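Written below as structure tokens is the structure these notes are about.
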Amino acid sequence: MKAIDVHHHYVPQQLIEETKRHGKALGVEVSEVNGSYALSFDGSKPHRLQPPIFELDKRLEIMDQGQVAMATLEANTNSLGYRLNGEHGEGWSNLYNDCVNELAKARPDRFIGMATVPLQDAKRAAKVLEHAIVNLKFRGAFIGTNVNGQYYNVKDFDPFWAKAQELDILIVMHPEHIAGAERMTEFGLNAVCGNPADSTLSLGYMLFSGLFDRFPDLKICALHGGGFLPYQLGRFDKQFITGKKVRPAQSAKTPSAYLKNLYFDTLVYDIDTLEYLQAKVGADKLVLGTDYPYNLGDWMGVEKVQALQCSDAEKDAMLEGNARRLLKL
């Protein structure tokens with residue numbers, strides 16, 4: 001058992017207790033809903049947290065069943081607190097990280113801290129990131145695909161990107177506040193269609209806006225297999241070429257030229273789809289992702305990688321080696 005899961009969600013029970021005591025001063029409220037807890041930011045509609053996201057013993061049991069040795073501790077995206085003002089967001093992110101750090105310190109053999117940052121204020125986000133990486137010894141950061149509907153095609157976020165590049169850390173990006181969610185209310189299509197679509201949209205803004213020209217060493221891991229990007233990369237490149245006169249990109253190169261900055265998790269469910277992804281981007285670009293503890297997760301993702309028609313060295317890279325390199329384990 002050696003695999004490292006880079007798509008793994010956790011909310012500390014301690015965070016709930018601290019929020020009950022001090023949350024109102026940060027604009028955060030906790031309530032009890034249907035046997036679990038819900039968080040509200042700056043008066044927003046409460047978002048219920050699924051009970052398994054707090055559990056530890058069951059988590060370890062499922063990790064063992066799935067041959068997962070270690071997992072990153074990433075927030076629930078609805079608990080990132082982007083609706084808060086910058087000051088409150090900084091306080092909330094630091095509180096979140098301190099609570100996550102308790103488990104990361106207690107079980108360094110199984111869990112890896114990933115920083116939550118207040119991206120609604122990029123300078124504060126850079127400050128929180130540096131504290132988490134330097135002082136808490138976290139190994140990367142976890143962000144949403146947009147911040148209150150603003151994607152990453154503007155330079156407002158540059159202080160954060162600059163700090164992430166300086167610290168040479170991996171940024172794991174997860175769908176949040178997805179575009180068009182109001183049209184996907186039935187059948188769970190907001191998760192099925194909306195999540196990968198919002199990752200694709202966010203990556204598109206990054207690729208066309210010149211982000212990776214300004215920060216050539218930035219490392220972004222897009223979850224759910226990178227949304228639809230790897231499977232429509234030719235269309236992105238075609239738009240770069242044909243749109244020069246009508247909708248010119250701000251980037252210097254075609255989108256495919258920036259694959260060097262992108263990494264993807266393996267959460268695509270089907271072995272043949274994973275075969276395509278591995279062939280398209282390379283085994284050195286893939287890391288294991290389970291999406292624990294959500295219903296659309298795949299706890300047996302290790303078996304999918306093991307079933308691929310590639311070398312043992314490539315399988316080891318996808319299961320462990322790439323994550324160890326990117327997270328500096």
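Convention: chains lettered A, B, ... in structure tokens order; per-chain residue numbering from 1; ligands numbered from 1 as shown.
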| Excluding same-chain residues fewer than 2 positions from stretch 188-204 of chain A, what lies within 7 Å of it counting only C-alpha atoms, as an MDAnalysis selection string? | chainID A and resid 145:146 151:152 175 178:179 181 184:186 206:208 222 224 226:229
| message | Can you pull out the residues contacting stretch 266-269 of chain A? Cut-off 6 Å, using only C-alpha atoms, and skip same-chain residues under 4 positions away; I want them as an MDAnalysis selection string. | response | chainID A and resid 224:225 288:289
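Going from atom CA of A:Leu60 to atom CA of A:Leu319 covers 17.6 Å.
Shortest separation to A:Met173 among A:Ser311, A:Thr116, A:Thr254, A:Ser209 occurs at residue A:Thr116, atoms counted being only C-alpha atoms.
Using only C-alpha atoms, the residues found no farther than 8 Å from A:Phe157, other than those of its own chain fewer than 3 positions away, are Leu119, Asp121, Ala122, Tyr152, Val154, Phe160 and Trp161 of chain A.
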Take the residues from that selection and write them out as an mmCIF file, in the first residue's frame, keeping C-alpha atoms.
data_model
loop_
_atom_site.group_PDB
_atom_site.id
_atom_site.type_symbol
_atom_site.label_atom_id
_atom_site.label_comp_id
_atom_site.auth_asym_id
_atom_site.auth_seq_id
_atom_site.Cartn_x
_atom_site.Cartn_y
_atom_site.Cartn_z
ATOM 1 C CA LEU A 119 -8.570 34.283 -2.687
ATOM 2 C CA ASP A 121 -8.067 39.142 -1.369
ATOM 3 C CA ALA A 122 -4.983 37.939 -3.259
ATOM 4 C CA TYR A 152 -8.583 33.746 -13.257
ATOM 5 C CA VAL A 154 -7.610 39.033 -14.489
ATOM 6 C CA PHE A 160 -1.178 34.849 -4.929
ATOM 7 C CA TRP A 161 0.188 33.224 -8.090
#
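DSSP on the backbone gives strand (DSSP E or B) for these parts of stretch 151-282 of chain A: Leu170, Ile171, Val172, Met173, His174, Lys219, Ile220, Cys221, Ala222, Leu262, Tyr263, Phe264 and Asp265 of chain A.
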Expected file contents, prior selection, N, CA, C and O atoms, as an mmCIF file, in the first residue's frame:
data_model
loop_
_atom_site.group_PDB
_atom_site.id
_atom_site.type_symbol
_atom_site.label_atom_id
_atom_site.label_comp_id
_atom_site.auth_asym_id
_atom_site.auth_seq_id
_atom_site.Cartn_x
_atom_site.Cartn_y
_atom_site.Cartn_z
ATOM 1 N N LEU A 170 2.281 22.943 -5.315
ATOM 2 C CA LEU A 170 1.193 22.498 -6.182
ATOM 3 C C LEU A 170 -0.113 23.126 -5.708
ATOM 4 O O LEU A 170 -0.412 23.149 -4.518
ATOM 5 N N ILE A 171 -0.893 23.639 -6.665
ATOM 6 C CA ILE A 171 -2.211 24.174 -6.364
ATOM 7 C C ILE A 171 -3.257 23.220 -6.929
ATOM 8 O O ILE A 171 -3.308 22.991 -8.142
ATOM 9 N N VAL A 172 -4.057 22.651 -6.057
ATOM 10 C CA VAL A 172 -5.129 21.745 -6.469
ATOM 11 C C VAL A 172 -6.404 22.572 -6.626
ATOM 12 O O VAL A 172 -6.814 23.282 -5.703
ATOM 13 N N MET A 173 -7.032 22.492 -7.795
ATOM 14 C CA MET A 173 -8.202 23.321 -8.103
ATOM 15 C C MET A 173 -9.446 22.457 -8.269
ATOM 16 O O MET A 173 -9.455 21.507 -9.045
ATOM 17 N N HIS A 174 -10.493 22.831 -7.544
ATOM 18 C CA HIS A 174 -11.729 22.053 -7.506
ATOM 19 C C HIS A 174 -12.902 22.936 -7.920
ATOM 20 O O HIS A 174 -12.948 24.113 -7.580
ATOM 21 N N LYS A 219 2.163 25.539 -11.006
ATOM 22 C CA LYS A 219 1.714 24.151 -11.151
ATOM 23 C C LYS A 219 0.281 24.030 -10.647
ATOM 24 O O LYS A 219 0.015 24.229 -9.453
ATOM 25 N N ILE A 220 -0.637 23.704 -11.565
ATOM 26 C CA ILE A 220 -2.056 23.571 -11.250
ATOM 27 C C ILE A 220 -2.490 22.131 -11.478
ATOM 28 O O ILE A 220 -2.234 21.557 -12.541
ATOM 29 N N CYS A 221 -3.174 21.539 -10.495
ATOM 30 C CA CYS A 221 -3.754 20.208 -10.668
ATOM 31 C C CYS A 221 -5.262 20.356 -10.789
ATOM 32 O O CYS A 221 -5.937 20.800 -9.848
ATOM 33 N N ALA A 222 -5.814 20.016 -11.949
ATOM 34 C CA ALA A 222 -7.255 20.096 -12.195
ATOM 35 C C ALA A 222 -7.883 18.734 -11.932
ATOM 36 O O ALA A 222 -7.469 17.723 -12.517
ATOM 37 N N LEU A 262 0.215 21.995 -16.114
ATOM 38 C CA LEU A 262 -1.015 21.349 -15.652
ATOM 39 C C LEU A 262 -0.798 19.889 -15.263
ATOM 40 O O LEU A 262 -0.010 19.167 -15.884
ATOM 41 N N TYR A 263 -1.541 19.505 -14.241
ATOM 42 C CA TYR A 263 -1.581 18.116 -13.784
ATOM 43 C C TYR A 263 -3.050 17.742 -13.611
ATOM 44 O O TYR A 263 -3.910 18.605 -13.463
ATOM 45 N N PHE A 264 -3.334 16.448 -13.611
ATOM 46 C CA PHE A 264 -4.713 15.982 -13.585
ATOM 47 C C PHE A 264 -4.828 14.779 -12.662
ATOM 48 O O PHE A 264 -3.911 13.962 -12.586
ATOM 49 N N ASP A 265 -5.970 14.666 -11.974
ATOM 50 C CA ASP A 265 -6.164 13.461 -11.194
ATOM 51 C C ASP A 265 -6.777 12.371 -12.071
ATOM 52 O O ASP A 265 -7.163 12.613 -13.217
#
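Taking atom CA of A:Gln67 and atom CA of A:Ala283 as endpoints, the distance between them is 19.4 Å.
Every protein or nucleic acid residue with an atom no more than 8 Å from A:Asn322, counting only C-alpha atoms and leaving out same-chain residues fewer than 2 positions away, appears here: A:Asp284, A:Lys285, A:Leu286, A:Val287, A:Ala317, A:Met318, A:Leu319, A:Glu320, A:Arg324, A:Arg325, A:Leu326.
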For C-alpha atoms, I'd like the residues from the last selection saved as a short mmCIF file (atom, residue, chain, number, x, y, z; two decimals), in the first residue's frame.
data_model
loop_
_atom_site.label_atom_id
_atom_site.label_comp_id
_atom_site.auth_asym_id
_atom_site.auth_seq_id
_atom_site.Cartn_x
_atom_site.Cartn_y
_atom_site.Cartn_z
CA ASP A 284 4.12 12.11 -15.42
CA LYS A 285 1.08 14.44 -15.37
CA LEU A 286 -1.33 12.21 -13.46
CA VAL A 287 -1.97 11.74 -9.74
CA ALA A 317 4.48 7.41 -11.01
CA MET A 318 0.72 7.90 -11.21
CA LEU A 319 0.03 6.17 -7.90
CA GLU A 320 2.85 7.65 -5.86
CA ARG A 324 5.76 12.69 -3.89
CA ARG A 325 7.60 14.95 -6.30
CA LEU A 326 4.92 17.64 -6.52
#
| said: Give me, as a PyMOL selection string, the residues of stretch 157-281 of chain A that a backbone DSSP run labels helix (DSSP H, G or I). | reply: chain A and resi 157-167+181-183+189-209+211-214+224-226+229-231+233-242+255-261+271-281
| task | Between atom CA of A:Lys137 and atom CA of A:Asp158, measure the distance and give it in Å to one decimal. | result | 22.9 Å
| said: Using only C-alpha atoms, which protein or nucleic acid residues come within 12 Å of A:His9? Drop anything in the same chain fewer than 4 positions from it, and give the result as a ChimeraX atom specification. | reply: /A:5,49-56,59,71-79,100,111-114,116,142,172,174,289-294,297
Keeping only N, CA and C atoms, write the selected residues as an mmCIF file, in the first residue's frame.
data_model
loop_
_atom_site.group_PDB
_atom_site.id
_atom_site.type_symbol
_atom_site.label_atom_id
_atom_site.label_comp_id
_atom_site.auth_asym_id
_atom_site.auth_seq_id
_atom_site.Cartn_x
_atom_site.Cartn_y
_atom_site.Cartn_z
ATOM 1 N N ASP A 5 -3.408 9.830 -2.425
ATOM 2 C CA ASP A 5 -4.645 10.404 -2.936
ATOM 3 C C ASP A 5 -4.562 11.930 -2.864
ATOM 4 N N LEU A 49 -22.880 20.056 5.465
ATOM 5 C CA LEU A 49 -21.699 19.219 5.278
ATOM 6 C C LEU A 49 -22.081 17.766 5.528
ATOM 7 N N GLN A 50 -21.755 16.891 4.601
ATOM 8 C CA GLN A 50 -22.099 15.481 4.756
ATOM 9 C C GLN A 50 -21.325 14.881 5.938
ATOM 10 N N PRO A 51 -21.992 14.130 6.803
ATOM 11 C CA PRO A 51 -21.322 13.591 7.996
ATOM 12 C C PRO A 51 -19.995 12.885 7.749
ATOM 13 N N PRO A 52 -19.851 12.082 6.663
ATOM 14 C CA PRO A 52 -18.570 11.384 6.475
ATOM 15 C C PRO A 52 -17.356 12.307 6.338
ATOM 16 N N ILE A 53 -17.588 13.589 6.039
ATOM 17 C CA ILE A 53 -16.445 14.480 5.836
ATOM 18 C C ILE A 53 -15.705 14.766 7.141
ATOM 19 N N PHE A 54 -16.361 14.467 8.276
ATOM 20 C CA PHE A 54 -15.729 14.674 9.582
ATOM 21 C C PHE A 54 -15.038 13.418 10.095
ATOM 22 N N GLU A 55 -15.440 12.257 9.612
ATOM 23 C CA GLU A 55 -15.015 10.985 10.195
ATOM 24 C C GLU A 55 -13.536 10.698 9.950
ATOM 25 N N LEU A 56 -12.951 9.995 10.877
ATOM 26 C CA LEU A 56 -11.555 9.607 10.729
ATOM 27 C C LEU A 56 -11.385 8.095 10.632
ATOM 28 N N ARG A 59 -12.714 6.691 7.445
ATOM 29 C CA ARG A 59 -11.842 7.208 6.377
ATOM 30 C C ARG A 59 -10.612 6.314 6.236
ATOM 31 N N ALA A 71 -3.175 10.626 2.107
ATOM 32 C CA ALA A 71 -4.157 11.466 1.431
ATOM 33 C C ALA A 71 -3.965 12.923 1.823
ATOM 34 N N THR A 72 -4.178 13.801 0.870
ATOM 35 C CA THR A 72 -4.166 15.230 1.149
ATOM 36 C C THR A 72 -5.459 15.612 1.869
ATOM 37 N N LEU A 73 -5.373 16.605 2.740
ATOM 38 C CA LEU A 73 -6.538 17.083 3.475
ATOM 39 C C LEU A 73 -6.996 18.390 2.852
ATOM 40 N N GLU A 74 -8.048 18.298 2.045
ATOM 41 C CA GLU A 74 -8.548 19.453 1.307
ATOM 42 C C GLU A 74 -9.942 19.823 1.778
ATOM 43 N N ALA A 75 -10.211 21.109 1.779
ATOM 44 C CA ALA A 75 -11.484 21.603 2.284
ATOM 45 C C ALA A 75 -12.653 21.130 1.429
ATOM 46 N N ASN A 76 -13.836 21.250 1.971
ATOM 47 C CA ASN A 76 -15.051 21.231 1.166
ATOM 48 C C ASN A 76 -15.114 22.594 0.480
ATOM 49 N N THR A 77 -15.313 22.629 -0.834
ATOM 50 C CA THR A 77 -15.213 23.918 -1.537
ATOM 51 C C THR A 77 -16.223 24.935 -1.034
ATOM 52 N N ASN A 78 -17.380 24.469 -0.566
ATOM 53 C CA ASN A 78 -18.380 25.393 -0.053
ATOM 54 C C ASN A 78 -18.007 25.963 1.314
ATOM 55 N N SER A 79 -16.914 25.483 1.881
ATOM 56 C CA SER A 79 -16.466 26.008 3.173
ATOM 57 C C SER A 79 -15.229 26.884 3.043
ATOM 58 N N VAL A 100 -6.934 21.820 10.518
ATOM 59 C CA VAL A 100 -6.439 20.738 9.658
ATOM 60 C C VAL A 100 -5.062 20.271 10.123
ATOM 61 N N PHE A 111 -1.664 11.516 6.451
ATOM 62 C CA PHE A 111 -2.330 12.711 5.952
ATOM 63 C C PHE A 111 -1.366 13.862 5.690
ATOM 64 N N ILE A 112 -1.738 14.681 4.689
ATOM 65 C CA ILE A 112 -0.899 15.776 4.205
ATOM 66 C C ILE A 112 -1.726 17.057 4.214
ATOM 67 N N GLY A 113 -1.248 18.095 4.881
ATOM 68 C CA GLY A 113 -1.967 19.352 4.954
ATOM 69 C C GLY A 113 -1.921 20.126 3.647
ATOM 70 N N MET A 114 -3.073 20.657 3.231
ATOM 71 C CA MET A 114 -3.183 21.520 2.053
ATOM 72 C C MET A 114 -3.875 22.812 2.479
ATOM 73 N N THR A 116 -5.949 26.217 2.807
ATOM 74 C CA THR A 116 -7.095 27.009 2.376
ATOM 75 C C THR A 116 -6.668 28.473 2.419
ATOM 76 N N PHE A 142 -5.258 24.560 -1.877
ATOM 77 C CA PHE A 142 -6.515 24.079 -2.447
ATOM 78 C C PHE A 142 -7.402 25.281 -2.730
ATOM 79 N N VAL A 172 -4.057 22.651 -6.057
ATOM 80 C CA VAL A 172 -5.129 21.745 -6.469
ATOM 81 C C VAL A 172 -6.404 22.572 -6.626
ATOM 82 N N HIS A 174 -10.493 22.831 -7.544
ATOM 83 C CA HIS A 174 -11.729 22.053 -7.506
ATOM 84 C C HIS A 174 -12.902 22.936 -7.920
ATOM 85 N N GLY A 289 -6.733 10.315 -7.664
ATOM 86 C CA GLY A 289 -7.783 11.085 -7.012
ATOM 87 C C GLY A 289 -8.985 10.211 -6.735
ATOM 88 N N THR A 290 -9.529 10.276 -5.502
ATOM 89 C CA THR A 290 -10.702 9.460 -5.149
ATOM 90 C C THR A 290 -11.952 10.300 -4.896
ATOM 91 N N ASP A 291 -11.795 11.576 -4.554
ATOM 92 C CA ASP A 291 -12.921 12.455 -4.195
ATOM 93 C C ASP A 291 -13.632 11.976 -2.941
ATOM 94 N N TYR A 292 -12.901 11.377 -2.028
ATOM 95 C CA TYR A 292 -13.492 10.969 -0.760
ATOM 96 C C TYR A 292 -14.005 12.210 -0.027
ATOM 97 N N PRO A 293 -15.211 12.173 0.606
ATOM 98 C CA PRO A 293 -16.108 11.033 0.804
ATOM 99 C C PRO A 293 -17.385 11.134 -0.030
ATOM 100 N N TYR A 294 -17.344 11.778 -1.171
ATOM 101 C CA TYR A 294 -18.574 12.084 -1.897
ATOM 102 C C TYR A 294 -19.082 10.916 -2.731
ATOM 103 N N GLY A 297 -17.406 9.736 -5.810
ATOM 104 C CA GLY A 297 -16.012 9.344 -5.675
ATOM 105 C C GLY A 297 -15.777 7.907 -6.112
#
